[in-house]
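Q: The structure's right below; bear with me while I get my questions together.
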Amino acid sequence: MKKKMALHTKIVIGLILGVIFGSVFHVSPSKIIVTAEGKQTEIDNWSSLEFKRADSTLAVFDEKSQITAIKYFTKLKDKSSIVMEAVYPDGMRETFSKVSGMSREKTIGVIFKPLGDIFIRLLNMIAVPLVLASLIVGAASLTDIRHIAKIGGKTLGFYALTAVMAITIGLLLANIIQPGQHMTEETKQRLMQAYQDDASSKIEQNISLNVVDFLVNMVPKNPFKAIADGDFLQIVFFAIMTGVFLSQIHSERTKAVIGFFDGLSGAMILMVEKVMLIAPYAVFTLISATVAEFGFNILQTLLLYSVTVVLGLAILTFVEYPLLLRIFTKVNVIRFFRVQRPVIAVAFSTSSSAATLPVTMDVCEKKLGVPNKIASFVLPLGTTVNMDGTALYQAVAAMFIAQVYGFDLTITQQLTIVLTAALAAIGTAPVPGVGLIMLIIVLKSVGVPEEGIALIIGVDRLLDMCRTVPNVIADSLACVVIANSEGELGNINEDSGNFN
Ligand code: ASP
C-alpha cells in the first residue's frame, strides 16, 4: 500500500521550495515600472532618479534607493505636475512627465501570495471563536475559582521567568558580540536615509505603556467589541467570567449554553485541521513572496546584528526551553519538538502568534495531552502577553542601536532594558511587525534616539519570522509545565489529529 506523506514533511518541502522559488524569481532591486502619460515603461540599471516640479529639483535618489524613491513618489501631492528623470551610468537621461504611478515589478515569486493571505485570514477567522468558546467551556468545568487563580498565577510566573531569561540571553550576546561596533558611518547613513520615513511613521504612533492602563483595559466595556477587534486579553477576561458564573448556576439552563460553546469549539478545532491541509501550499507562497520581495541582500549589511538575534533565538528555543522542559516535567524533549513542527512552520511563515494560535491549541490538546481547561486559558493568555522571542530581539536591537550611536549603556541602563523589554513584549500585539514599534519604548527608557529603528527596519520582516517561533513554542511549553504541575498532563500522542 502506498504510504501517504506526513503533513509536516509536506510543509517543510513547501518551505524549502518557497525559499528557492522566491530566490529565483526575486523582485529586482532596481527595476521600476513607471506610468507616465497613460503609458507603462520599465526602467532598470539607472544610477539616479530626479524628481522635478517646474524648474526646481525636489529630490534625487541613488541606485540603492529604489523603495525609498517609490515611497517618496507615492506620498507626493499633485503628481500630475511632476517630471521624473532617470539618469543612466553613461550620462543618458530619460524624462517622464505627467507621472501617475511608480511600482516595483511583480514577479511570479510574489504572484501566488493571495493563497497564503487566505490561509492567514482563515486561521485568524478561527482564532477568536475558538478562544471564546473553548475558554468558556474550560472555565465552566473549573468549579473552584481558586483553581483558576492558581493556574493564572503559575502561568504568569512562568511567563515572567522565561521572559527575563530570554532578555538576559539577548543582553549577554549583544555585549559579547557587540554587533553595533562594526557598522561603518557610510552604511549607517545609507540605512538611515532609506528607512527614515518608515521610522518616522512608526514613531508618530506615539505609543506608551502604562501598567495600570494595561490592567484596566483588560476589562472590556463591550465584549462584542472585544470579539470584533480580536482583543484576546479582553476576550479571555470575558470568557473566564462567563464560564465561572455558568458553573455557579446549577440549573438546566446552563446545559444548553455550555453545549452550544462546546459544539462551537469542536467545530473550530475541526476547521483548523482541515485548513491545515492547505498549509504546505500556503507556506510555499508566503515564504516565496517574502524572499522574492525582501531578498537576503539586506541581511549582509546587517549580518552581525541578524546573527546575534538569530543565535539568541536559537539558544532560547533549543537550550533554554528544553532545559525548562526537563526541570519542570518528564516530557521527552525530542518528542515535544516533533509535535511542534506544524506550529513552527505556521509561526515562521505567517509571523503571527495570533494566526498560529488555533494550530498551537490543536497540537497541545490532541498531541501533548494538555486538557482543554488548561490549554484554552494558558494559550490565549500566552499568545498575547508571552513573547520571549520578541523580548530577546528588543534587547538586542536596543543594544545594537545604542552601540551604533556610540552610547555605552551602563549596568543600570541594561537592567532598565530587562524591565522595559519585558513590558514592551507584553504590550506587543501578536501580529507581524509590532515588536519593532514597541521597541521604541525600550529605546526611550534608556535615552537612545528612537529614529535609530531606521537602522533595523530592513531586516525586520525576516527576523520577525524567526522571533515568532519561540514566541509560540513558549506557549506550548507553558501549557505542558502547568498541566504537569496540576497532575493533569496526559501522554504525548504523536499520531492523533491531522497533523502527522
Ligand atoms: N510577530 C510577532 C508575533 O506575532 C510579534 C512581533 O514581535 O512583532 O508573535
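Residues in the C-alpha cells are named by chain (A, B, ... in the order shown) and by number from 1 within that chain; ligands are numbered from 1 in the order shown.
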May I have the residues within 6 Å of ligand 1, computed using only C-alpha atoms and all ligand atoms, as JSON, numbers by chain?
A: {"A": [351, 352, 353, 390, 430, 431, 432, 433, 434, 435, 464, 468, 471]}
Q: Could you list, as a compact mmCIF listing (two decimals) with N, CA and C atoms, in the first residue's frame, every residue within 12 Å of Asn297 (chain A), counting only C-alpha atoms and ignoring same-chain residues fewer than 2 positions away?
A:
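Writing done, so here's part-v4.txt:
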```txt
# COMPACT_ATOMS: atom_id res chain seq x y z
N SER A 23 13.89 33.00 -4.33
CA SER A 23 15.24 33.48 -4.68
C SER A 23 15.40 33.55 -6.19
N HIS A 26 13.15 36.55 -7.79
CA HIS A 26 13.14 37.68 -6.86
C HIS A 26 12.80 38.98 -7.59
N VAL A 27 12.27 39.90 -6.84
CA VAL A 27 11.90 41.21 -7.40
C VAL A 27 13.19 42.03 -7.54
N SER A 28 13.40 42.59 -8.73
CA SER A 28 14.65 43.32 -8.98
C SER A 28 14.78 44.52 -8.04
N PRO A 29 15.98 44.73 -7.46
CA PRO A 29 16.15 45.86 -6.55
C PRO A 29 16.32 47.19 -7.28
N LYS A 64 20.64 52.72 -5.00
CA LYS A 64 20.33 51.78 -3.92
C LYS A 64 19.01 52.14 -3.24
N VAL A 291 10.76 36.10 0.40
CA VAL A 291 12.14 36.04 -0.11
C VAL A 291 12.25 36.86 -1.40
N ALA A 292 11.23 36.75 -2.28
CA ALA A 292 11.28 37.48 -3.55
C ALA A 292 11.28 38.99 -3.30
N GLU A 293 10.50 39.44 -2.34
CA GLU A 293 10.39 40.88 -2.11
C GLU A 293 11.54 41.46 -1.31
N PHE A 294 11.94 40.74 -0.28
CA PHE A 294 12.96 41.32 0.61
C PHE A 294 14.36 40.82 0.31
N GLY A 295 14.45 39.61 -0.24
CA GLY A 295 15.76 39.06 -0.57
C GLY A 295 16.64 38.89 0.65
N LEU A 299 20.39 41.34 4.57
CA LEU A 299 20.96 40.59 5.68
C LEU A 299 22.47 40.76 5.73
N GLN A 300 23.09 40.91 4.54
CA GLN A 300 24.55 41.09 4.50
C GLN A 300 24.95 42.38 5.21
N THR A 301 24.20 43.45 4.91
CA THR A 301 24.51 44.74 5.53
C THR A 301 24.40 44.66 7.05
N LEU A 302 23.39 43.92 7.51
CA LEU A 302 23.17 43.86 8.95
C LEU A 302 23.48 42.47 9.48
N LEU A 303 24.55 41.89 8.92
CA LEU A 303 24.84 40.49 9.21
C LEU A 303 25.07 40.22 10.70
N GLY A 458 14.94 47.31 7.71
CA GLY A 458 15.15 46.49 6.51
C GLY A 458 15.12 44.99 6.76
N VAL A 459 15.64 44.56 7.92
CA VAL A 459 15.66 43.10 8.18
C VAL A 459 14.53 42.68 9.10
N LEU A 462 12.24 39.57 8.15
CA LEU A 462 12.87 38.26 8.25
C LEU A 462 13.09 37.86 9.71
```
Q: Compile the contact shell of Ala139 (chain A) as an MDAnalysis selection string: residues with an atom at most 10 Å away, counting only C-alpha atoms, same-chain residues fewer than 5 positions apart removed.
A: chainID A and resid 134 144:145 147:148 239:247 372:374 376:377
Q: Go ahead and write the residues just picked, N, CA and C atoms, as a PDB file, in the first residue's frame.
A:
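Saved file part24.pdb follows:
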```pdb
ATOM      1  N   SER A 134     -13.856  27.777  23.625  1.00  0.00           N
ATOM      2  CA  SER A 134     -13.211  26.746  24.426  1.00  0.00           C
ATOM      3  C   SER A 134     -12.876  27.243  25.822  1.00  0.00           C
ATOM      4  N   ASP A 144     -14.001  25.472  41.013  1.00  0.00           N
ATOM      5  CA  ASP A 144     -13.429  26.261  42.102  1.00  0.00           C
ATOM      6  C   ASP A 144     -12.686  27.475  41.545  1.00  0.00           C
ATOM      7  N   ILE A 145     -13.123  28.663  41.928  1.00  0.00           N
ATOM      8  CA  ILE A 145     -12.496  29.882  41.404  1.00  0.00           C
ATOM      9  C   ILE A 145     -11.020  29.948  41.809  1.00  0.00           C
ATOM     10  N   HIS A 147      -8.990  27.634  41.919  1.00  0.00           N
ATOM     11  CA  HIS A 147      -8.225  26.814  40.973  1.00  0.00           C
ATOM     12  C   HIS A 147      -7.780  27.662  39.780  1.00  0.00           C
ATOM     13  N   ILE A 148      -8.712  28.494  39.277  1.00  0.00           N
ATOM     14  CA  ILE A 148      -8.376  29.357  38.135  1.00  0.00           C
ATOM     15  C   ILE A 148      -7.291  30.352  38.549  1.00  0.00           C
ATOM     16  N   ALA A 239     -14.532  35.598  28.791  1.00  0.00           N
ATOM     17  CA  ALA A 239     -14.837  34.166  28.717  1.00  0.00           C
ATOM     18  C   ALA A 239     -14.684  33.505  30.081  1.00  0.00           C
ATOM     19  N   ILE A 240     -13.632  33.895  30.832  1.00  0.00           N
ATOM     20  CA  ILE A 240     -13.449  33.288  32.156  1.00  0.00           C
ATOM     21  C   ILE A 240     -14.612  33.661  33.079  1.00  0.00           C
ATOM     22  N   MET A 241     -14.958  34.948  33.064  1.00  0.00           N
ATOM     23  CA  MET A 241     -16.071  35.384  33.916  1.00  0.00           C
ATOM     24  C   MET A 241     -17.342  34.616  33.560  1.00  0.00           C
ATOM     25  N   THR A 242     -17.616  34.543  32.251  1.00  0.00           N
ATOM     26  CA  THR A 242     -18.846  33.861  31.817  1.00  0.00           C
ATOM     27  C   THR A 242     -18.809  32.389  32.218  1.00  0.00           C
ATOM     28  N   GLY A 243     -17.665  31.745  31.960  1.00  0.00           N
ATOM     29  CA  GLY A 243     -17.529  30.321  32.288  1.00  0.00           C
ATOM     30  C   GLY A 243     -17.710  30.081  33.774  1.00  0.00           C
ATOM     31  N   VAL A 244     -17.024  30.916  34.583  1.00  0.00           N
ATOM     32  CA  VAL A 244     -17.089  30.731  36.034  1.00  0.00           C
ATOM     33  C   VAL A 244     -18.527  30.858  36.526  1.00  0.00           C
ATOM     34  N   PHE A 245     -19.231  31.890  36.032  1.00  0.00           N
ATOM     35  CA  PHE A 245     -20.592  32.075  36.548  1.00  0.00           C
ATOM     36  C   PHE A 245     -21.584  31.081  35.965  1.00  0.00           C
ATOM     37  N   LEU A 246     -21.239  30.550  34.819  1.00  0.00           N
ATOM     38  CA  LEU A 246     -22.086  29.466  34.301  1.00  0.00           C
ATOM     39  C   LEU A 246     -21.996  28.272  35.240  1.00  0.00           C
ATOM     40  N   SER A 247     -20.755  28.054  35.736  1.00  0.00           N
ATOM     41  CA  SER A 247     -20.571  26.889  36.608  1.00  0.00           C
ATOM     42  C   SER A 247     -21.230  27.093  37.976  1.00  0.00           C
ATOM     43  N   ASN A 372      -8.251  20.550  27.872  1.00  0.00           N
ATOM     44  CA  ASN A 372      -8.816  21.772  27.300  1.00  0.00           C
ATOM     45  C   ASN A 372      -8.879  22.922  28.302  1.00  0.00           C
ATOM     46  N   LYS A 373      -9.274  22.596  29.545  1.00  0.00           N
ATOM     47  CA  LYS A 373      -9.462  23.702  30.513  1.00  0.00           C
ATOM     48  C   LYS A 373      -8.151  24.442  30.780  1.00  0.00           C
ATOM     49  N   ILE A 374      -7.010  23.775  30.609  1.00  0.00           N
ATOM     50  CA  ILE A 374      -5.725  24.461  30.805  1.00  0.00           C
ATOM     51  C   ILE A 374      -5.268  25.122  29.497  1.00  0.00           C
ATOM     52  N   SER A 376      -7.002  26.112  26.932  1.00  0.00           N
ATOM     53  CA  SER A 376      -7.840  27.216  26.468  1.00  0.00           C
ATOM     54  C   SER A 376      -7.600  28.492  27.274  1.00  0.00           C
ATOM     55  N   PHE A 377      -6.958  28.342  28.429  1.00  0.00           N
ATOM     56  CA  PHE A 377      -6.651  29.518  29.249  1.00  0.00           C
ATOM     57  C   PHE A 377      -5.209  29.979  29.031  1.00  0.00           C
TER      58      PHE A 377
END
```
Q: Counting only C-alpha atoms, what are the residues of region 152-206 of chain A within 12 Å of region 314-330 of chain A, and for each of them which pair of atoms is the nearest and at what distance in Å, to one decimal? Sort the table by chain and rising number, as CSV.
A:
```
residue,atom,partner,partner_atom,distance
A:Phe158,CA,A:Leu324,CA,10.0
A:Tyr159,CA,A:Leu324,CA,11.8
A:Leu161,CA,A:Leu324,CA,10.3
A:Thr162,CA,A:Glu320,CA,8.4
A:Ala163,CA,A:Leu316,CA,10.1
A:Val164,CA,A:Leu316,CA,11.3
A:Met165,CA,A:Glu320,CA,8.1
A:Ala166,CA,A:Leu316,CA,6.3
A:Ile167,CA,A:Leu316,CA,9.7
A:Thr168,CA,A:Leu316,CA,10.3
A:Ile169,CA,A:Leu316,CA,7.6
A:Gly170,CA,A:Leu316,CA,9.2
A:Leu172,CA,A:Ile315,CA,11.7
A:Leu173,CA,A:Ile315,CA,10.3
```
Q: With a distance cut-off of 6 Å and only C-alpha atoms, select the neighbouring residues of Trp46 (chain A), excluding the residue or stretch itself and same-chain residues fewer than 2 positions from it, and output the selection as an NGL selection string.
A: :A and (44 or 48 or 87-88)
